[in-house]
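Take a look at the structure set out below.
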Amino acid sequence: MLRSALVFAVLGSAAALTVGVASRAAGMRARSSVIEAKVGLIYSTTTGNTETVAGYIGAATGLEMVDIADCTTDSLMEFDGLICGAPTWHTGADSERSGTAWDDFLYGDLASMDLKGKKVAVFGLGDQGGYGDNFCDAMDELVSCFSKQGADVIGSWSADGYDHMESKSIGGDGKFVGLPCDEDNQPDLSEERANGWVAQLKSEGMPF
């Protein structure tokens, strides 16, 4: 009887130790998932070109791209950083330039969001040959609207290597306010540009 009691006591202590270690490990995993930074890759498209470049960015970062039309303010606020892509469809317009679901979001749901402390970077699609006077103008609109909500906008990009006439998305430093791509005239450069931009975003604090 005594020997049996000792065996059960030892087994019970070992089981308790195993459960305790497992519980502590689960707790550590839970805490790490809570503090893990998250980035949303959000886009909208008309012809599919913006989706193509979003795919390049997704491949470089491991992020899953989501159409802005499928997002809610709550789902977006869960992210620590946002990468947002839009085409320019309404060329020459002062607002609602993308011609996509971004137009409603920028002047609707976004106005209620407090983005202080969140990193935001923007990429855009344009056509330098057909619409060289308004190349990727929608990027400037996204940057302006997100900045008004307190976002820390990063990811400006050199204008070297482009062949456009004008763009509202050129900042005061002579750089684009985000990454412009042209799947109509320079499709062979988009993936390389996306990869270089992702590396830049990492160096600028995007919490990948």
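A note on labels: chains of the structure tokens are A, B, ... as shown, every chain counts residues from 1, and ligands are counted from 1 in their shown order.
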Determine which residues of segment 119-170 of chain A receive a DSSP assignment of strand (DSSP E or B), computed from the backbone, and state them as a short mmCIF file (atom, residue, chain, number, x, y, z; two decimals) with C-alpha atoms, in the first residue's frame.
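Saved as result_4.cif:
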```
data_model
loop_
_atom_site.label_atom_id
_atom_site.label_comp_id
_atom_site.auth_asym_id
_atom_site.auth_seq_id
_atom_site.Cartn_x
_atom_site.Cartn_y
_atom_site.Cartn_z
CA LYS A 119 2.42 53.53 -39.96
CA VAL A 120 0.78 53.92 -43.38
CA ALA A 121 2.37 53.52 -46.79
CA VAL A 122 0.68 53.98 -50.15
CA PHE A 123 1.24 52.55 -53.61
CA GLY A 124 -0.56 53.51 -56.80
CA LEU A 125 -1.13 52.42 -60.35
CA ASP A 152 2.54 58.37 -39.79
CA VAL A 153 2.94 58.15 -43.57
CA ILE A 154 6.17 56.58 -44.82
CA TRP A 157 9.85 56.94 -53.64
CA ILE A 170 5.06 64.37 -56.24
#
```
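The nearest approach to Thr46 of chain A among the residues A:Cys181, A:Gly126, A:Glu78, A:Cys84, with only C-alpha atoms taken into account, belongs to A:Gly126.
If only C-alpha atoms are the atoms counted, then among A:Asp173, A:Glu191, A:Asp184, A:Glu204 the closest residue to Val53 of chain A is A:Glu191.
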* All residues 12 Å or closer to Gln186 of chain A, only C-alpha atoms, same chain fewer than 4 positions away omitted, as a PyMOL selection string -> chain A and resi 49+125-129+161-164+180-182+190-193
Let's have the selection written as a PDB file, in the first residue's frame, with N, CA, C and O atoms.
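And here's out_8.pdb as it stands now:
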```pdb
ATOM      1  N   ASN A  49      -4.794  45.771 -62.341  1.00  0.00           N
ATOM      2  CA  ASN A  49      -3.375  46.130 -62.220  1.00  0.00           C
ATOM      3  C   ASN A  49      -2.949  46.364 -60.767  1.00  0.00           C
ATOM      4  O   ASN A  49      -1.852  45.969 -60.356  1.00  0.00           O
ATOM      5  N   LEU A 125      -1.266  52.859 -58.974  1.00  0.00           N
ATOM      6  CA  LEU A 125      -1.126  52.416 -60.354  1.00  0.00           C
ATOM      7  C   LEU A 125      -1.577  53.519 -61.295  1.00  0.00           C
ATOM      8  O   LEU A 125      -2.585  54.177 -61.053  1.00  0.00           O
ATOM      9  N   GLY A 126      -0.793  53.716 -62.361  1.00  0.00           N
ATOM     10  CA  GLY A 126      -1.129  54.732 -63.348  1.00  0.00           C
ATOM     11  C   GLY A 126      -0.672  54.322 -64.728  1.00  0.00           C
ATOM     12  O   GLY A 126      -0.067  53.263 -64.921  1.00  0.00           O
ATOM     13  N   ASP A 127      -0.960  55.183 -65.684  1.00  0.00           N
ATOM     14  CA  ASP A 127      -0.620  54.940 -67.090  1.00  0.00           C
ATOM     15  C   ASP A 127       0.121  56.167 -67.605  1.00  0.00           C
ATOM     16  O   ASP A 127      -0.488  57.185 -67.924  1.00  0.00           O
ATOM     17  N   GLN A 128       1.444  56.070 -67.663  1.00  0.00           N
ATOM     18  CA  GLN A 128       2.252  57.220 -68.085  1.00  0.00           C
ATOM     19  C   GLN A 128       2.031  57.576 -69.548  1.00  0.00           C
ATOM     20  O   GLN A 128       2.181  58.736 -69.935  1.00  0.00           O
ATOM     21  N   GLY A 129       1.695  56.583 -70.362  1.00  0.00           N
ATOM     22  CA  GLY A 129       1.487  56.838 -71.780  1.00  0.00           C
ATOM     23  C   GLY A 129       0.154  57.481 -72.072  1.00  0.00           C
ATOM     24  O   GLY A 129       0.069  58.475 -72.802  1.00  0.00           O
ATOM     25  N   GLY A 161      13.440  57.210 -63.311  1.00  0.00           N
ATOM     26  CA  GLY A 161      13.029  56.033 -64.052  1.00  0.00           C
ATOM     27  C   GLY A 161      11.599  56.057 -64.548  1.00  0.00           C
ATOM     28  O   GLY A 161      11.143  55.093 -65.179  1.00  0.00           O
ATOM     29  N   TYR A 162      10.896  57.144 -64.297  1.00  0.00           N
ATOM     30  CA  TYR A 162       9.513  57.283 -64.764  1.00  0.00           C
ATOM     31  C   TYR A 162       9.460  58.274 -65.921  1.00  0.00           C
ATOM     32  O   TYR A 162      10.324  59.146 -66.054  1.00  0.00           O
ATOM     33  N   ASP A 163       8.424  58.162 -66.757  1.00  0.00           N
ATOM     34  CA  ASP A 163       8.310  58.999 -67.947  1.00  0.00           C
ATOM     35  C   ASP A 163       6.914  59.603 -68.030  1.00  0.00           C
ATOM     36  O   ASP A 163       6.160  59.353 -68.952  1.00  0.00           O
ATOM     37  N   HIS A 164       6.558  60.383 -67.017  1.00  0.00           N
ATOM     38  CA  HIS A 164       5.250  61.029 -66.977  1.00  0.00           C
ATOM     39  C   HIS A 164       5.424  62.540 -67.124  1.00  0.00           C
ATOM     40  O   HIS A 164       6.541  63.061 -67.032  1.00  0.00           O
ATOM     41  N   PRO A 180       4.773  54.409 -57.077  1.00  0.00           N
ATOM     42  CA  PRO A 180       3.957  54.350 -58.288  1.00  0.00           C
ATOM     43  C   PRO A 180       4.414  53.194 -59.180  1.00  0.00           C
ATOM     44  O   PRO A 180       5.603  52.948 -59.331  1.00  0.00           O
ATOM     45  N   CYS A 181       3.462  52.497 -59.758  1.00  0.00           N
ATOM     46  CA  CYS A 181       3.762  51.442 -60.714  1.00  0.00           C
ATOM     47  C   CYS A 181       2.911  51.635 -61.965  1.00  0.00           C
ATOM     48  O   CYS A 181       1.830  52.226 -61.913  1.00  0.00           O
ATOM     49  N   ASP A 182       3.420  51.141 -63.084  1.00  0.00           N
ATOM     50  CA  ASP A 182       2.749  51.306 -64.368  1.00  0.00           C
ATOM     51  C   ASP A 182       2.745  49.961 -65.096  1.00  0.00           C
ATOM     52  O   ASP A 182       3.704  49.607 -65.768  1.00  0.00           O
ATOM     53  N   SER A 190       7.650  46.430 -62.220  1.00  0.00           N
ATOM     54  CA  SER A 190       6.778  46.501 -61.038  1.00  0.00           C
ATOM     55  C   SER A 190       7.241  45.620 -59.896  1.00  0.00           C
ATOM     56  O   SER A 190       7.279  46.049 -58.740  1.00  0.00           O
ATOM     57  N   GLU A 191       7.579  44.380 -60.176  1.00  0.00           N
ATOM     58  CA  GLU A 191       7.964  43.469 -59.095  1.00  0.00           C
ATOM     59  C   GLU A 191       9.257  43.923 -58.432  1.00  0.00           C
ATOM     60  O   GLU A 191       9.374  43.908 -57.198  1.00  0.00           O
ATOM     61  N   GLU A 192      10.221  44.350 -59.230  1.00  0.00           N
ATOM     62  CA  GLU A 192      11.482  44.842 -58.678  1.00  0.00           C
ATOM     63  C   GLU A 192      11.256  46.077 -57.817  1.00  0.00           C
ATOM     64  O   GLU A 192      11.833  46.208 -56.727  1.00  0.00           O
ATOM     65  N   ARG A 193      10.415  46.972 -58.308  1.00  0.00           N
ATOM     66  CA  ARG A 193      10.111  48.173 -57.539  1.00  0.00           C
ATOM     67  C   ARG A 193       9.412  47.810 -56.224  1.00  0.00           C
ATOM     68  O   ARG A 193       9.720  48.378 -55.166  1.00  0.00           O
TER      69      ARG A 193
END
```
